[in-house]
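Peer 1: Sending over target-v4.cif (mmCIF, C-alpha atoms).
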```cif
data_entry
loop_
_atom_site.label_atom_id
_atom_site.label_comp_id
_atom_site.auth_asym_id
_atom_site.auth_seq_id
_atom_site.Cartn_x
_atom_site.Cartn_y
_atom_site.Cartn_z
CA THR J 1 -143.03 157.88 -67.19
CA ALA J 2 -144.41 160.56 -64.93
CA THR J 3 -142.56 161.57 -61.79
CA ALA J 4 -143.33 160.05 -58.42
CA SER J 5 -144.82 163.25 -57.09
CA ALA J 6 -148.59 163.63 -57.27
CA THR J 7 -149.27 165.95 -60.19
CA ALA J 8 -152.01 166.29 -62.77
CA LEU J 9 -149.86 164.31 -65.22
CA ASP J 10 -149.06 161.40 -62.92
CA PRO J 11 -150.46 158.20 -64.45
CA PRO J 12 -153.44 156.93 -62.46
CA SER J 13 -153.35 153.40 -61.04
CA CYS J 14 -155.01 151.94 -64.14
CA ILE J 15 -152.33 153.30 -66.52
CA VAL J 16 -148.93 151.65 -66.94
CA HIS J 17 -146.61 153.93 -68.93
CA ARG J 18 -143.26 152.17 -69.23
CA TYR J 19 -142.54 152.90 -72.89
CA PRO J 20 -142.37 156.51 -74.13
CA ASN J 21 -144.91 156.06 -76.94
CA LYS J 22 -147.04 153.23 -75.52
CA ALA J 23 -149.40 152.88 -72.57
CA LEU J 24 -151.29 150.03 -70.94
CA PHE J 25 -154.85 150.82 -69.83
CA LEU J 26 -155.96 148.38 -67.09
CA ALA J 27 -159.69 148.78 -67.43
CA LEU J 28 -160.75 146.09 -64.96
CA SER J 29 -159.40 143.46 -62.56
CA THR J 30 -161.50 140.40 -63.43
CA CYS J 31 -160.66 137.58 -65.82
CA PRO J 32 -162.31 134.30 -66.94
CA VAL J 33 -159.30 132.43 -65.51
CA TYR J 34 -156.68 133.05 -62.83
CA CYS J 35 -153.36 131.88 -64.25
CA ARG J 36 -150.67 131.35 -61.62
CA PHE J 37 -148.04 132.74 -63.99
CA CYS J 38 -150.02 135.91 -64.85
CA THR J 39 -147.80 138.97 -64.93
CA ARG J 40 -150.67 141.00 -63.46
CA SER J 41 -151.63 138.54 -60.74
CA TYR J 42 -150.91 141.37 -58.31
CA ALA J 43 -154.17 143.03 -59.38
CA VAL J 44 -156.46 140.33 -60.78
CA GLY J 45 -158.98 138.89 -58.34
CA GLN J 46 -159.79 139.65 -54.73
CA THR J 47 -157.53 140.12 -51.72
CA THR J 48 -157.21 137.00 -49.56
CA ASN J 49 -155.68 136.20 -46.17
CA VAL J 50 -152.48 135.24 -47.98
CA VAL J 51 -152.26 137.77 -50.83
CA LYS J 52 -153.18 141.45 -50.84
CA LYS J 53 -154.15 142.61 -54.33
CA LYS J 54 -153.44 146.05 -55.78
CA ARG J 55 -156.66 147.66 -56.95
CA VAL J 56 -156.79 149.43 -60.32
CA GLY J 57 -159.99 151.28 -59.50
CA PRO J 58 -163.71 150.53 -59.88
CA LEU J 59 -165.15 149.46 -63.21
CA ALA J 60 -166.91 152.62 -64.37
CA PRO J 61 -166.34 155.40 -66.92
CA ARG J 62 -166.19 157.94 -64.12
CA SER J 63 -163.07 156.23 -62.72
CA TRP J 64 -161.53 156.10 -66.22
CA GLU J 65 -161.79 159.86 -66.85
CA ARG J 66 -158.46 160.56 -65.18
CA ALA J 67 -156.82 157.89 -67.35
CA ILE J 68 -158.28 159.46 -70.49
CA ASN J 69 -157.08 162.87 -69.30
CA TYR J 70 -153.58 161.45 -68.81
CA LEU J 71 -153.56 160.01 -72.34
CA GLN J 72 -154.87 163.28 -73.79
CA ASN J 73 -152.07 165.21 -72.08
CA SER J 74 -149.33 162.78 -73.15
CA PRO J 75 -148.82 163.55 -76.86
CA GLN J 76 -145.93 161.10 -77.08
CA ILE J 77 -148.33 158.16 -76.59
CA SER J 78 -149.43 156.77 -79.95
CA ASP J 79 -150.34 153.19 -78.97
CA VAL J 80 -152.72 152.08 -76.19
CA THR J 81 -153.35 148.51 -75.06
CA VAL J 82 -156.65 148.01 -73.23
CA SER J 83 -156.38 145.07 -70.86
CA GLY J 84 -157.05 144.12 -67.25
CA GLY J 85 -158.13 141.59 -66.21
CA ASP J 86 -159.77 140.65 -69.44
CA THR J 87 -161.63 142.95 -71.80
CA ALA J 88 -164.12 140.17 -72.55
CA ASP J 89 -165.61 141.02 -69.14
CA LEU J 90 -166.43 144.55 -70.30
CA ASN J 91 -170.09 145.09 -71.16
CA ARG J 92 -171.08 146.67 -74.47
CA ALA J 93 -171.55 150.15 -73.02
CA HIS J 94 -168.11 150.14 -71.39
CA LEU J 95 -166.47 148.74 -74.52
CA ASP J 96 -168.08 151.50 -76.61
CA TRP J 97 -167.05 154.18 -74.11
CA LEU J 98 -163.42 153.10 -73.97
CA GLY J 99 -163.09 152.60 -77.72
CA SER J 100 -164.65 155.93 -78.68
CA ARG J 101 -162.85 157.98 -76.04
CA ILE J 102 -159.42 156.56 -76.88
CA LEU J 103 -159.99 156.88 -80.64
CA ASP J 104 -160.99 160.52 -80.08
CA ILE J 105 -157.43 161.26 -78.90
CA GLU J 106 -155.75 162.56 -82.04
CA HIS J 107 -152.20 161.40 -81.29
CA VAL J 108 -153.26 157.82 -80.42
CA ARG J 109 -152.89 155.91 -83.69
CA SER J 110 -153.50 152.33 -82.58
CA ILE J 111 -155.50 150.40 -79.98
CA ARG J 112 -154.84 146.84 -78.92
CA ILE J 113 -157.65 145.06 -77.08
CA ALA J 114 -156.35 142.16 -74.99
CA THR J 115 -158.30 139.03 -74.06
CA LYS J 116 -157.70 135.37 -73.27
CA ALA J 117 -161.34 134.54 -73.95
CA LEU J 118 -160.61 133.11 -77.39
CA ALA J 119 -159.00 130.13 -75.64
CA VAL J 120 -160.97 129.89 -72.39
CA ARG J 121 -164.36 131.40 -73.28
CA PRO J 122 -164.75 131.34 -77.08
CA SER J 123 -168.55 131.36 -76.72
CA LYS J 124 -168.17 135.09 -75.97
CA PHE J 125 -167.48 135.69 -79.66
CA LEU J 126 -170.25 133.35 -80.82
CA SER J 127 -173.15 134.27 -78.55
CA ASP J 128 -172.56 137.83 -77.32
CA LEU J 129 -173.47 139.46 -80.62
CA ASP J 130 -173.92 142.86 -78.96
CA TRP J 131 -170.30 142.83 -77.74
CA MET J 132 -169.08 141.68 -81.14
CA GLU J 133 -170.99 144.52 -82.78
CA GLY J 134 -169.28 146.94 -80.42
CA LEU J 135 -165.86 145.52 -81.31
CA ASP J 136 -166.70 145.80 -85.01
CA ASN J 137 -167.84 149.42 -84.57
CA ILE J 138 -164.58 150.35 -82.85
CA GLN J 139 -162.45 148.89 -85.64
CA GLN J 140 -164.60 150.54 -88.34
CA ILE J 141 -164.31 153.95 -86.66
CA GLY J 142 -160.57 153.41 -86.36
CA ARG J 143 -160.25 152.45 -90.02
CA LYS J 144 -162.14 155.57 -91.15
CA ARG J 145 -159.75 157.69 -89.10
CA GLY J 146 -156.67 155.88 -90.36
CA LYS J 147 -156.07 154.21 -87.00
CA HIS J 148 -155.24 150.57 -86.28
CA VAL J 149 -157.51 148.49 -84.04
CA CYS J 150 -156.60 144.87 -83.28
CA LEU J 151 -157.30 142.07 -80.83
CA HIS J 152 -154.47 140.44 -78.86
CA THR J 153 -155.14 137.01 -77.45
CA HIS J 154 -153.18 134.59 -75.26
CA ILE J 155 -152.92 130.92 -76.24
CA ASN J 156 -149.99 128.89 -74.89
CA HIS J 157 -150.64 125.34 -76.09
CA PRO J 158 -152.39 123.61 -79.01
CA GLY J 159 -154.62 121.90 -76.44
CA GLU J 160 -156.27 125.26 -75.73
CA ILE J 161 -157.57 125.46 -79.31
CA SER J 162 -161.00 123.81 -79.47
CA GLU J 163 -163.45 123.59 -82.34
CA MET J 164 -165.30 126.48 -80.72
CA THR J 165 -162.07 128.51 -80.67
CA ILE J 166 -161.65 127.89 -84.40
CA GLU J 167 -165.24 128.97 -85.03
CA ALA J 168 -164.77 132.10 -82.88
CA ALA J 169 -161.60 132.99 -84.79
CA SER J 170 -163.58 132.62 -88.02
CA ARG J 171 -166.17 135.12 -86.74
CA LEU J 172 -163.42 137.60 -85.94
CA ARG J 173 -161.96 137.11 -89.41
CA ASP J 174 -165.40 137.71 -90.93
CA ILE J 175 -165.61 141.18 -89.37
CA GLY J 176 -162.08 141.91 -90.56
CA ILE J 177 -160.32 142.48 -87.26
CA VAL J 178 -156.61 141.71 -86.98
CA VAL J 179 -155.84 139.12 -84.28
CA ARG J 180 -152.38 138.45 -82.82
CA ASN J 181 -151.32 135.92 -80.20
CA GLN J 182 -148.88 136.12 -77.31
CA SER J 183 -147.58 132.97 -75.61
CA VAL J 184 -145.50 132.32 -72.50
CA LEU J 185 -142.91 129.54 -72.48
CA LEU J 186 -143.87 127.23 -69.58
CA ASN J 187 -141.67 124.48 -68.20
CA GLY J 188 -143.19 121.06 -68.80
CA VAL J 189 -146.13 122.54 -70.70
CA ASN J 190 -145.02 123.95 -74.05
CA ASP J 191 -141.22 124.13 -73.84
CA GLU J 192 -140.59 121.90 -76.85
CA SER J 193 -140.00 122.97 -80.43
CA ARG J 194 -142.61 120.57 -81.81
CA ILE J 195 -145.28 122.00 -79.48
CA ILE J 196 -144.46 125.63 -80.27
CA ASN J 197 -144.35 124.90 -84.00
CA HIS J 198 -147.68 123.05 -83.84
CA LEU J 199 -149.23 125.96 -81.90
CA ASN J 200 -147.94 128.56 -84.36
CA THR J 201 -149.13 126.51 -87.34
CA LEU J 202 -152.65 126.19 -85.89
CA LEU J 203 -152.75 129.92 -85.16
CA VAL J 204 -151.77 130.78 -88.73
CA GLU J 205 -154.47 128.43 -90.05
CA MET J 206 -156.97 130.49 -88.00
CA ASP J 207 -155.53 133.72 -89.46
CA ILE J 208 -154.05 134.65 -86.09
CA SER J 209 -150.50 135.97 -86.23
CA PRO J 210 -148.05 134.52 -83.67
CA TYR J 211 -146.68 137.73 -82.14
CA TYR J 212 -144.57 137.08 -79.05
CA ILE J 213 -143.16 134.02 -77.27
CA TYR J 214 -142.18 135.30 -73.83
CA MET J 215 -139.62 134.04 -71.38
CA HIS J 216 -141.61 133.67 -68.16
CA ASP J 217 -141.54 136.77 -65.96
CA LEU J 218 -140.17 136.69 -62.41
CA ILE J 219 -143.55 136.09 -60.77
CA PRO J 220 -143.34 135.03 -57.08
CA GLY J 221 -144.07 131.34 -56.52
CA THR J 222 -143.67 130.29 -60.16
CA ASP J 223 -140.01 129.28 -60.43
CA PHE J 224 -141.05 125.71 -61.31
CA LEU J 225 -142.90 127.03 -64.37
CA ARG J 226 -140.03 129.13 -65.68
CA CYS J 227 -137.55 127.98 -68.34
CA PRO J 228 -133.88 128.96 -68.68
CA LEU J 229 -132.99 131.39 -71.43
CA HIS J 230 -131.02 128.79 -73.39
CA ARG J 231 -134.18 126.71 -73.81
CA LEU J 232 -136.06 129.66 -75.33
CA LEU J 233 -133.11 130.33 -77.65
CA GLN J 234 -132.95 126.68 -78.70
CA ILE J 235 -136.67 126.60 -79.52
CA GLU J 236 -136.28 129.75 -81.61
CA ARG J 237 -133.35 128.19 -83.43
CA GLU J 238 -135.36 125.05 -84.22
CA THR J 239 -138.59 126.81 -85.29
CA ARG J 240 -137.51 129.98 -87.07
CA GLY J 241 -137.96 129.60 -90.82
CA LEU J 242 -140.74 127.01 -90.62
CA LEU J 243 -143.41 129.70 -91.13
CA PRO J 244 -143.47 132.81 -93.35
CA GLY J 245 -141.50 135.66 -91.84
CA PHE J 246 -144.55 137.84 -91.26
CA ARG J 247 -146.14 134.96 -89.32
CA THR J 248 -143.06 134.21 -87.20
CA PRO J 249 -143.18 135.30 -83.54
CA SER J 250 -140.49 137.25 -81.75
CA TYR J 251 -138.90 135.36 -78.86
CA VAL J 252 -138.55 137.97 -76.14
CA VAL J 253 -137.55 138.74 -72.57
CA ASP J 254 -139.54 141.41 -70.70
CA LEU J 255 -136.76 142.86 -68.58
CA PRO J 256 -137.37 143.64 -64.90
CA GLY J 257 -136.65 147.18 -63.78
CA GLY J 258 -138.05 149.00 -66.80
CA GLY J 259 -135.81 147.64 -69.55
CA GLY J 260 -138.81 146.68 -71.66
CA LYS J 261 -139.08 143.85 -74.16
CA ARG J 262 -135.88 142.71 -75.83
CA LEU J 263 -135.27 139.93 -78.32
CA ALA J 264 -133.94 137.01 -76.28
CA SER J 265 -130.98 136.63 -78.64
CA THR J 266 -129.80 140.23 -78.09
CA TYR J 267 -128.28 139.68 -74.66
CA ASP J 268 -124.95 141.37 -74.08
CA TYR J 269 -123.79 138.53 -71.84
CA TYR J 270 -125.23 135.17 -70.82
CA ASP J 271 -123.73 132.40 -68.71
CA PRO J 272 -125.97 129.31 -68.49
CA HIS J 273 -123.78 128.08 -65.61
CA THR J 274 -124.77 130.93 -63.26
CA GLY J 275 -128.08 131.55 -65.04
CA ILE J 276 -127.40 135.28 -65.42
CA SER J 277 -128.17 137.14 -68.62
CA VAL J 278 -127.47 140.85 -69.04
CA PHE J 279 -129.19 143.17 -71.51
CA SER J 280 -128.87 146.81 -72.46
CA SER J 281 -131.92 148.73 -73.61
CA PRO J 282 -132.78 151.93 -75.46
CA MET J 283 -135.44 152.36 -72.77
CA SER J 284 -132.75 153.37 -70.27
CA ASN J 285 -130.81 156.56 -69.85
CA GLY J 286 -127.05 156.24 -69.70
CA ASP J 287 -125.36 152.85 -69.47
CA ALA J 288 -127.90 151.01 -67.28
CA MET J 289 -127.82 147.22 -67.55
CA PHE J 290 -130.77 144.89 -66.94
CA LEU J 291 -130.57 141.40 -65.49
CA MET J 292 -132.65 138.30 -66.10
CA CYS J 293 -132.01 135.08 -64.20
CA ASP J 294 -132.72 131.48 -65.08
CA PRO J 295 -134.90 129.48 -62.66
CA MET J 296 -133.08 127.98 -59.69
CA TRP J 297 -134.10 124.43 -60.57
CA SER J 298 -132.06 124.66 -63.80
CA LEU J 299 -128.78 125.43 -61.95
CA ASN J 300 -126.47 122.97 -60.24
CA GLU J 301 -126.43 122.74 -56.44
CA ASP J 302 -123.18 124.70 -56.02
CA ILE J 303 -124.54 127.66 -57.99
CA GLN J 304 -127.84 127.51 -56.11
CA ALA J 305 -125.87 127.72 -52.87
CA ALA J 306 -123.90 130.68 -54.26
CA TRP J 307 -127.15 132.48 -55.09
CA ARG J 308 -128.32 132.07 -51.50
CA HIS J 309 -125.13 133.65 -50.13
CA PRO J 310 -125.25 137.48 -50.37
CA HIS J 311 -121.55 138.03 -51.05
CA SER J 312 -121.20 135.38 -53.76
CA ARG J 313 -124.49 136.46 -55.33
CA ILE J 314 -123.30 140.06 -55.62
CA ALA J 315 -119.94 138.89 -56.99
CA MET J 316 -121.64 136.82 -59.73
CA ILE J 317 -123.88 139.71 -60.71
CA ASP J 318 -121.05 142.26 -60.74
CA SER J 319 -118.91 139.93 -62.85
CA ALA J 320 -121.74 139.41 -65.34
CA ILE J 321 -122.33 143.16 -65.69
CA ASP J 322 -118.60 143.78 -66.20
CA ARG J 323 -118.47 141.09 -68.89
CA ALA J 324 -121.53 142.56 -70.62
CA LYS J 325 -119.97 146.03 -70.70
CA ALA J 326 -116.75 144.56 -72.06
CA ASN J 327 -118.67 142.77 -74.82
CA ILE J 328 -120.49 145.99 -75.74
CA GLN J 329 -117.20 147.88 -75.88
CA SER J 330 -115.62 145.14 -77.97
CA LEU J 331 -118.53 145.27 -80.42
CA PHE J 332 -118.29 149.06 -80.59
CA ASN J 333 -114.56 148.89 -81.27
CA HIS J 334 -115.07 146.39 -84.10
CA THR J 335 -117.86 148.38 -85.75
CA SER J 336 -115.85 151.59 -85.46
CA ASP J 337 -112.85 150.01 -87.20
CA THR J 338 -114.05 149.44 -90.78
CA THR J 339 -110.73 147.84 -91.74
CA GLN J 340 -111.46 144.77 -89.57
CA PRO J 341 -114.01 142.09 -90.50
CA MET J 342 -116.97 141.69 -88.15
CA THR J 343 -117.06 138.32 -86.39
CA LEU J 344 -119.53 136.59 -84.15
CA ALA J 345 -116.91 136.45 -81.42
CA ALA J 346 -117.07 140.21 -81.13
CA SER J 347 -120.73 140.13 -80.13
CA ARG J 348 -121.06 136.85 -78.21
CA PRO J 349 -119.25 135.84 -75.01
CA THR J 350 -117.50 132.48 -75.11
CA THR J 351 -119.71 131.19 -72.28
CA CYS J 352 -122.52 130.88 -74.80
CA THR J 353 -120.80 128.46 -77.17
CA ARG J 354 -122.33 125.53 -75.29
CA ILE J 355 -125.83 126.70 -76.31
CA TYR J 356 -125.20 126.98 -80.01
#
```
Please re-express this file's structure in structure tokens.
Peer 2:
Amino acid sequence: TATASATALDPPSCIVHRYPNKALFLALSTCPVYCRFCTRSYAVGQTTNVVKKKRVGPLAPRSWERAINYLQNSPQISDVTVSGGDTADLNRAHLDWLGSRILDIEHVRSIRIATKALAVRPSKFLSDLDWMEGLDNIQQIGRKRGKHVCLHTHINHPGEISEMTIEAASRLRDIGIVVRNQSVLLNGVNDESRIINHLNTLLVEMDISPYYIYMHDLIPGTDFLRCPLHRLLQIERETRGLLPGFRTPSYVVDLPGGGGKRLASTYDYYDPHTGISVFSSPMSNGDAMFLMCDPMWSLNEDIQAAWRHPHSRIAMIDSAIDRAKANIQSLFNHTSDTTQPMTLAASRPTTCTRIY
């Protein structure tokens, strides 16, 4: 990402540039719904007496010019996701402007347009024919230029798929646009294998590819909605193979601190007892390690008490990081020695045997 100093190449507030070759363009801060677990709840909606929201700038092409300039001057960026808020709230003129300006950037090879409207406002795709024409124009321009344009939606439960959603998905299929879905694992909502499999099956029937199943981010005030990592891993174990490989979602953790998205099963250390999982990432320089923690409600009372005590909390974290580094070194030693057979024990700490 750009440096913290204010320079011409600093990303503006509406650009999130965490990955070297990918950028997130936050075009607006409104959405048809206000999900408590939203990873961008810090910006969506208005400031209240309780919560002060971060503004991403006014909704107007003039305010987006600096973002376009940043993308134009960042040749490493090849993929741009346009989100918000929700792109379904963009009018036709703004949709056209964003699509054409981003496609005009030679080194940008793909655009992802993100919306939850397919689940919560499917009438958008059935009645706003002008907006649909704009979406179709963007994907046709992209195809002529050899660029990929797709729609990313967000459906978490089969109950969100109505007859109108199915009809809207059919309209999108008719214009030939690729649609992918991202889901969040929510405690007490969809954290069962049968529910996730049912959801994925319905999506595939609508020609929507299940893309990601996320472990819930560390959003303030949502601990009761989060699931422990071992539950996500168990659901993956029980659902993988039930659908064709190209229609099977990746079960991922979006690591705090800039580690990016990692397959949930690629942790370097995980102890369900303390709730600490440790990941390494190619996003980092050097040997940085990234932590994810299970929700407090999933831990026993003694461990919850240890988390509340600063000294014991630091000791648990330091121990987990040390174990992760030891596991990485053990794996490296085994792969370097071609005379020794590779075993699962070399890449998985013994604390995880209870999960599998």
Peer 1: Point out the residue among J:Ala288, J:Gly176, J:Arg247, J:Ser127 with the least atom-to-atom distance to Ile208 of chain J, counting only C-alpha atoms.
Peer 2: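 For Ile208 of chain J, the nearest of the given residues is J:Arg247.
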Peer 1: When the PyMOL selection byres ((chain J and resi 114) around 6) is applied to the structure above, which residues does it catch, written out as a list in words?
Peer 2: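 So the PyMOL selection byres ((chain J and resi 114) around 6), applied here, picks out Ser83, Ile113, Thr115, Leu151, His152 and Thr153 of chain J.
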Peer 1: When the PyMOL selection byres ((chain J and resi 40) around 12) is applied to the file above, which residues end up in the set, as a PyMOL selection string?
Peer 2: chain J and resi 14+16+24+26+28-31+34-39+41-45+53-56+83-86+217-220
Peer 1: Just write the chosen residues, C-alpha atoms, as a tab-separated table (two decimals), in the coordinates of the input.
Peer 2:
```
chain	number	residue	atom	x	y	z
J	14	CYS	CA	-155.01	151.94	-64.14
J	16	VAL	CA	-148.93	151.65	-66.94
J	24	LEU	CA	-151.29	150.03	-70.94
J	26	LEU	CA	-155.96	148.38	-67.09
J	28	LEU	CA	-160.75	146.09	-64.96
J	29	SER	CA	-159.40	143.46	-62.56
J	30	THR	CA	-161.50	140.40	-63.43
J	31	CYS	CA	-160.66	137.58	-65.82
J	34	TYR	CA	-156.68	133.05	-62.83
J	35	CYS	CA	-153.36	131.88	-64.25
J	36	ARG	CA	-150.67	131.35	-61.62
J	37	PHE	CA	-148.04	132.74	-63.99
J	38	CYS	CA	-150.02	135.91	-64.85
J	39	THR	CA	-147.80	138.97	-64.93
J	41	SER	CA	-151.63	138.54	-60.74
J	42	TYR	CA	-150.91	141.37	-58.31
J	43	ALA	CA	-154.17	143.03	-59.38
J	44	VAL	CA	-156.46	140.33	-60.78
J	45	GLY	CA	-158.98	138.89	-58.34
J	53	LYS	CA	-154.15	142.61	-54.33
J	54	LYS	CA	-153.44	146.05	-55.78
J	55	ARG	CA	-156.66	147.66	-56.95
J	56	VAL	CA	-156.79	149.43	-60.32
J	83	SER	CA	-156.38	145.07	-70.86
J	84	GLY	CA	-157.05	144.12	-67.25
J	85	GLY	CA	-158.13	141.59	-66.21
J	86	ASP	CA	-159.77	140.65	-69.44
J	217	ASP	CA	-141.54	136.77	-65.96
J	218	LEU	CA	-140.17	136.69	-62.41
J	219	ILE	CA	-143.55	136.09	-60.77
J	220	PRO	CA	-143.34	135.03	-57.08
```
Peer 1: State, in Å with one decimal place, the distance from atom CA of Thr266 of chain J to atom CA of Ser281 of chain J.
Peer 2: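 Atom-to-atom, atom CA of Thr266 of chain J to atom CA of Ser281 of chain J, that is 9.8 Å.
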Peer 1: Residue by residue, what does the PyMOL selection byres ((chain J and resi 148) around 7) grab here? Present the result as a list in words.
Peer 2: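 Evaluating the PyMOL selection byres ((chain J and resi 148) around 7) on this file yields Arg109, Ser110, Ile111, Gly142, Arg143, Gly146, Lys147, Val149 and Cys150 of chain J.
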Peer 1: Give as a ChimeraX atom specification every residue, naming chains and numbers as the document does, that has an atom within 12 Å of (-170.9, 151.1, -71.2), counting all atoms listed in the file.
Peer 2: /J:59-62,64,89-101,130-131,134
Peer 1: Those same residues, written as a PDB file, in the frame of the given file with C-alpha atoms?
Peer 2:
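Full text of again02.pdb as output:
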```
ATOM      1  CA  LEU J  59    -165.150 149.460 -63.210  1.00  0.00           C
ATOM      2  CA  ALA J  60    -166.910 152.620 -64.370  1.00  0.00           C
ATOM      3  CA  PRO J  61    -166.340 155.400 -66.920  1.00  0.00           C
ATOM      4  CA  ARG J  62    -166.190 157.940 -64.120  1.00  0.00           C
ATOM      5  CA  TRP J  64    -161.530 156.100 -66.220  1.00  0.00           C
ATOM      6  CA  ASP J  89    -165.610 141.020 -69.140  1.00  0.00           C
ATOM      7  CA  LEU J  90    -166.430 144.550 -70.300  1.00  0.00           C
ATOM      8  CA  ASN J  91    -170.090 145.090 -71.160  1.00  0.00           C
ATOM      9  CA  ARG J  92    -171.080 146.670 -74.470  1.00  0.00           C
ATOM     10  CA  ALA J  93    -171.550 150.150 -73.020  1.00  0.00           C
ATOM     11  CA  HIS J  94    -168.110 150.140 -71.390  1.00  0.00           C
ATOM     12  CA  LEU J  95    -166.470 148.740 -74.520  1.00  0.00           C
ATOM     13  CA  ASP J  96    -168.080 151.500 -76.610  1.00  0.00           C
ATOM     14  CA  TRP J  97    -167.050 154.180 -74.110  1.00  0.00           C
ATOM     15  CA  LEU J  98    -163.420 153.100 -73.970  1.00  0.00           C
ATOM     16  CA  GLY J  99    -163.090 152.600 -77.720  1.00  0.00           C
ATOM     17  CA  SER J 100    -164.650 155.930 -78.680  1.00  0.00           C
ATOM     18  CA  ARG J 101    -162.850 157.980 -76.040  1.00  0.00           C
ATOM     19  CA  ASP J 130    -173.920 142.860 -78.960  1.00  0.00           C
ATOM     20  CA  TRP J 131    -170.300 142.830 -77.740  1.00  0.00           C
ATOM     21  CA  GLY J 134    -169.280 146.940 -80.420  1.00  0.00           C
TER      22      GLY J 134
END
```
Peer 1: Looking at only C-alpha atoms, which of J:Asn197, J:Ser298, J:Ser284, J:Ser319 is the one that sits closest to Pro228 of chain J?
Peer 2: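 Closest to Pro228 of chain J, using only C-alpha atoms: J:Ser298.
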Peer 1: Residues near Val33 of chain J, anyone? I mean within 9 Å using all atoms listed in the file, not counting same-chain ones fewer than 6 positions away, as a VMD selection string.
Peer 2: chain J and resid 116 to 117 120
Peer 1: Looking at J:Ile161, J:Asp223, J:Leu126, J:Arg18, which one is nearest to Gly257 of chain J, with distances taken over only C-alpha atoms?
Peer 2: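 Result for the nearest residue to Gly257 of chain J: J:Arg18.
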Peer 1: Can you measure atom CA of Asn333 of chain J to atom CA of Ser250 of chain J for me? One decimal in Å is fine.
Peer 2: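 Value for the atom CA of Asn333 of chain J-atom CA of Ser250 of chain J distance: 28.4 Å.
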Peer 1: How far is it from atom CA of Tyr267 of chain J to atom CA of Glu238 of chain J, in Å with one decimal?
Peer 2: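 Spanning atom CA of Tyr267 of chain J to atom CA of Glu238 of chain J is a straight-line distance of 18.9 Å.
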Peer 1: For each of J:Pro210, J:Gly259, J:Asp79, J:Met164, take the minimum atom-to-atom distance to Asp287 of chain J, counting all atoms listed in the file, then give the residue where this is smallest.
Peer 2: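 Nearest to Asp287 of chain J: J:Gly259.
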Peer 1: Which one of J:Leu331, J:Ile155, J:Ile166, J:Ile196 sits closest to Ile235 of chain J if you count all atoms listed in the file?
Peer 2: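 Once distances to Ile235 of chain J are computed over all atoms listed in the file, the minimum belongs to J:Ile196.
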Peer 1: Please determine, counting all atoms listed in the file, which residue among J:Asn181, J:Leu229, J:Asp104, J:Lys144 has the shortest atom-to-atom distance to Asn69 of chain J.
Peer 2: J:Asp104
Peer 1: Could you pull the residues within 10 Å of Val108 of chain J, counting all atoms listed in the file, minus those fewer than 3 positions along the same chain, as number ranges by chain?
Peer 2: J: 21-22, 71-72, 74-80, 102-105, 111, 147-148
Peer 1: As an mmCIF file, in the coordinates of the input, please: segment 224-232 of chain J completed to N, CA, C and O atoms.
Peer 2:
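Output file result27.cif follows:
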```
data_model
loop_
_atom_site.group_PDB
_atom_site.id
_atom_site.type_symbol
_atom_site.label_atom_id
_atom_site.label_comp_id
_atom_site.auth_asym_id
_atom_site.auth_seq_id
_atom_site.Cartn_x
_atom_site.Cartn_y
_atom_site.Cartn_z
ATOM 1 N N PHE J 224 -140.940 127.043 -60.695
ATOM 2 C CA PHE J 224 -141.050 125.710 -61.310
ATOM 3 C C PHE J 224 -141.647 125.780 -62.715
ATOM 4 O O PHE J 224 -141.503 124.837 -63.499
ATOM 5 N N LEU J 225 -142.315 126.876 -63.043
ATOM 6 C CA LEU J 225 -142.900 127.030 -64.370
ATOM 7 C C LEU J 225 -141.970 127.747 -65.350
ATOM 8 O O LEU J 225 -142.233 127.757 -66.550
ATOM 9 N N ARG J 226 -140.916 128.354 -64.841
ATOM 10 C CA ARG J 226 -140.030 129.130 -65.680
ATOM 11 C C ARG J 226 -139.020 128.230 -66.396
ATOM 12 O O ARG J 226 -138.664 127.162 -65.912
ATOM 13 N N CYS J 227 -138.563 128.686 -67.556
ATOM 14 C CA CYS J 227 -137.550 127.980 -68.340
ATOM 15 C C CYS J 227 -136.278 128.819 -68.404
ATOM 16 O O CYS J 227 -136.353 130.048 -68.407
ATOM 17 N N PRO J 228 -135.116 128.193 -68.504
ATOM 18 C CA PRO J 228 -133.880 128.960 -68.680
ATOM 19 C C PRO J 228 -133.840 129.599 -70.070
ATOM 20 O O PRO J 228 -134.472 129.117 -71.015
ATOM 21 N N LEU J 229 -133.079 130.662 -70.177
ATOM 22 C CA LEU J 229 -132.990 131.390 -71.430
ATOM 23 C C LEU J 229 -132.503 130.510 -72.570
ATOM 24 O O LEU J 229 -132.991 130.625 -73.706
ATOM 25 N N HIS J 230 -131.563 129.607 -72.289
ATOM 26 C CA HIS J 230 -131.020 128.790 -73.390
ATOM 27 C C HIS J 230 -132.084 127.881 -73.997
ATOM 28 O O HIS J 230 -131.991 127.514 -75.162
ATOM 29 N N ARG J 231 -133.125 127.528 -73.239
ATOM 30 C CA ARG J 231 -134.180 126.710 -73.810
ATOM 31 C C ARG J 231 -135.029 127.537 -74.792
ATOM 32 O O ARG J 231 -135.410 127.067 -75.861
ATOM 33 N N LEU J 232 -135.321 128.776 -74.416
ATOM 34 C CA LEU J 232 -136.060 129.660 -75.330
ATOM 35 C C LEU J 232 -135.273 129.883 -76.613
ATOM 36 O O LEU J 232 -135.827 129.839 -77.718
#
```
